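See below for the structure under consideration.
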Amino acid sequence: MTVHPVPGTVPAVVAVCVAACAAYLSAAARLRRRGDDWPWRRDCAFVAGGAVLVWGWCGWVPGGPFTAHSVRHLLVAMAGPVLLVVARPLTLALRALPPGGPRRGVLRAAHSAPVRWLLCPPVASVVDIGGLWLLYRTELLSHAHHHPALSGAVDLHMPAAGLLFSFAVCQMDPVRRGWGLPLRAATLLAAGAAHAVLAKSLYATGPPGTRFEAHDLRLGAQVMYYGGDAVDVALALVLAVQWYAATGRRHARTTARSGYGAGPAGSGGRRLRETTRSRR
C-alpha cells in the first residue's frame, strides 16, 4: 500500500468490494431460503471486511504521510483479509452453487496442487511478510511513489498476500489437504515476530530512498507494531477455537470407543464383558 491511493482506482475498488459483499449476502440468503443454516455473524464479518478494505484504500486516515500509510497497510493487508477469511466465503460458494460445472470448477481449483502449496503456511508467510520486508527495506516504496503502475501492483499485492496468509493460517474453508494446527501456530508466531522486528527497524530508520519526519516515522512504526500484534492475537484466537473444537471431538471419539458416557446400555455392556472374562 503506497502512501496515497493511485488516482482513478477508487471507483474500481469500491465497485469490486460492493459487488463481492452483494454476492456474498445473496448466496447466504439463498441458503436460508432453502432451509440451510448460515450464521449471521459470518455475513457481518464479510461486510465489515469489505468496508475495512474500502476505507483503507479510499477513506481518510489521520496522521502524517507515513502514519497514514501504516494505517492503510494495517487495514488493507491485515485486518480486512482476516475478516473476509473468517466469513468462510469458499464454503458459502460451494454450498450455494448448484451441482455442475461451476461448482466442480471451484472444487478443482481449491483442490489443485498449486493452491495446496500456496496455502502451505510457511510459503504464505514468505509471500506476505517477505513482501513487506522487500517493500520497506529496499527502495521499492520510493520507486512505487513515483511510478503509478508499480504503485498499483503494490496496492494489489498487499490485500492478496494478506488474504493468502490469513487463509493459510485459519484454513476454515475446505481445501485438498489441511495443514496441521502446530505448523500453522508456529508459522503465525514466526510471522508475528518478523513483522514486529520490521516495525522496530522502521522506528529507527525509514525505508531507503524516502524522507519522512522523525515523529511521523515513529508514530507510523508504532501503529504497524501494535496493530500487527492485535491482528495476530485475532488469528491466534481463531486457532485456539479450532484447537478447542478438535480436542472436544477427539475426546468424544475416545469416550465413544471406550464405552464411557453411554448410559445404562454402555454400563451393561461393560458388566457383560467383565462377567464373560471372569467365567473364562
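Each chain of the C-alpha cells is named A, B, ... in the order shown, its residues numbered from 1; ligands are numbered from 1 in display order.
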
Compile the contact shell of Val106 (chain A) as a list in words: residues with an atom at most 12 Å away, counting only C-alpha atoms, same-chain residues fewer than 5 positions apart removed.
-> Pro89, Leu90, Thr91, Leu92, Ala93, Leu94, Arg95, Ala96, Leu97, Pro98, Pro99, Gly100, Gly101, His111, Ser112, Val115, Pro174, Val175 and Arg176 of chain A

Skip Cys17 (chain A) itself and residues of its chain fewer than 2 positions away, then list as a list in words all residues within 9 Å of it, counting only C-alpha atoms.
->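 Listed by chain and then number, they are Ala12, Val13, Val14, Ala15, Ala19, Ala20, Cys21, Ala22, Val47, Gly50, Ala51, Leu53 and Val54 of chain A.
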
If you keep all heavy atoms, can you produce a file of those selected residues as a compact mmCIF listing (two decimals), in the first residue's frame?
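What ended up in again38.txt:
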# COMPACT_ATOMS: atom_id res chain seq x y z
N ALA A 12 -13.11 1.80 -8.98
CA ALA A 12 -12.99 0.36 -9.23
C ALA A 12 -12.92 -0.42 -7.93
O ALA A 12 -13.54 -1.48 -7.78
CB ALA A 12 -11.74 0.08 -10.08
N VAL A 13 -12.17 0.09 -6.95
CA VAL A 13 -12.06 -0.59 -5.65
C VAL A 13 -13.42 -0.67 -4.97
O VAL A 13 -13.83 -1.72 -4.47
CB VAL A 13 -11.04 0.15 -4.76
CG1 VAL A 13 -11.14 -0.33 -3.32
CG2 VAL A 13 -9.62 -0.07 -5.29
N VAL A 14 -14.13 0.46 -4.94
CA VAL A 14 -15.44 0.48 -4.31
C VAL A 14 -16.39 -0.47 -5.02
O VAL A 14 -17.15 -1.22 -4.38
CB VAL A 14 -16.00 1.91 -4.30
CG1 VAL A 14 -17.44 1.92 -3.77
CG2 VAL A 14 -15.13 2.82 -3.44
N ALA A 15 -16.37 -0.48 -6.35
CA ALA A 15 -17.28 -1.35 -7.12
C ALA A 15 -17.00 -2.82 -6.85
O ALA A 15 -17.92 -3.62 -6.66
CB ALA A 15 -17.13 -1.05 -8.61
N ALA A 19 -19.64 -5.24 -4.98
CA ALA A 19 -20.13 -6.41 -5.71
C ALA A 19 -19.85 -7.70 -4.94
O ALA A 19 -20.69 -8.61 -4.90
CB ALA A 19 -19.46 -6.47 -7.09
N ALA A 20 -18.67 -7.81 -4.32
CA ALA A 20 -18.35 -9.00 -3.54
C ALA A 20 -19.28 -9.15 -2.34
O ALA A 20 -19.77 -10.25 -2.05
CB ALA A 20 -16.89 -8.95 -3.09
N CYS A 21 -19.54 -8.05 -1.65
CA CYS A 21 -20.45 -8.11 -0.49
C CYS A 21 -21.87 -8.47 -0.93
O CYS A 21 -22.56 -9.26 -0.27
CB CYS A 21 -20.44 -6.78 0.25
SG CYS A 21 -18.90 -6.44 1.13
N ALA A 22 -22.32 -7.90 -2.05
CA ALA A 22 -23.66 -8.21 -2.55
C ALA A 22 -23.77 -9.67 -2.94
O ALA A 22 -24.78 -10.35 -2.65
CB ALA A 22 -23.99 -7.31 -3.74
N VAL A 47 -19.09 -8.32 5.41
CA VAL A 47 -19.41 -6.93 5.10
C VAL A 47 -18.42 -5.99 5.80
O VAL A 47 -17.96 -5.00 5.22
CB VAL A 47 -20.86 -6.61 5.49
CG1 VAL A 47 -21.15 -5.12 5.36
CG2 VAL A 47 -21.83 -7.41 4.62
N GLY A 50 -15.21 -6.03 3.85
CA GLY A 50 -15.30 -5.19 2.66
C GLY A 50 -15.24 -3.72 2.99
O GLY A 50 -14.58 -2.93 2.29
N ALA A 51 -15.92 -3.32 4.08
CA ALA A 51 -15.89 -1.91 4.48
C ALA A 51 -14.49 -1.48 4.90
O ALA A 51 -14.05 -0.36 4.60
CB ALA A 51 -16.88 -1.69 5.63
N LEU A 53 -11.66 -2.73 3.78
CA LEU A 53 -10.85 -2.57 2.57
C LEU A 53 -11.14 -1.25 1.87
O LEU A 53 -10.22 -0.55 1.43
CB LEU A 53 -11.12 -3.74 1.62
CG LEU A 53 -10.59 -5.11 2.03
CD1 LEU A 53 -10.91 -6.14 0.96
CD2 LEU A 53 -9.09 -5.07 2.28
N VAL A 54 -12.42 -0.90 1.75
CA VAL A 54 -12.77 0.36 1.09
C VAL A 54 -12.21 1.55 1.87
O VAL A 54 -11.65 2.49 1.29
CB VAL A 54 -14.31 0.47 0.95
CG1 VAL A 54 -14.70 1.88 0.49
CG2 VAL A 54 -14.82 -0.56 -0.04

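Interatomic distance, CA of Gly64 (chain A) to CA of Leu83 (chain A): 26.7 Å.
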
Figure out the distance between CA of Pro159 (chain A) and CA of Asp128 (chain A), please, to one decimal in Å.
->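 About the pair CA of Asp128 (chain A) and CA of Pro159 (chain A): they are 9.3 Å apart.
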
From a DSSP calculation on the backbone, collect every residue of region 20-193 of chain A in alpha helix (DSSP H) and output the set as an NGL selection string.
-> :A and (20-33 or 40-58 or 65-74 or 80-86 or 89-96 or 101-110 or 113-118 or 121-136 or 140-146 or 148-170 or 181-193)
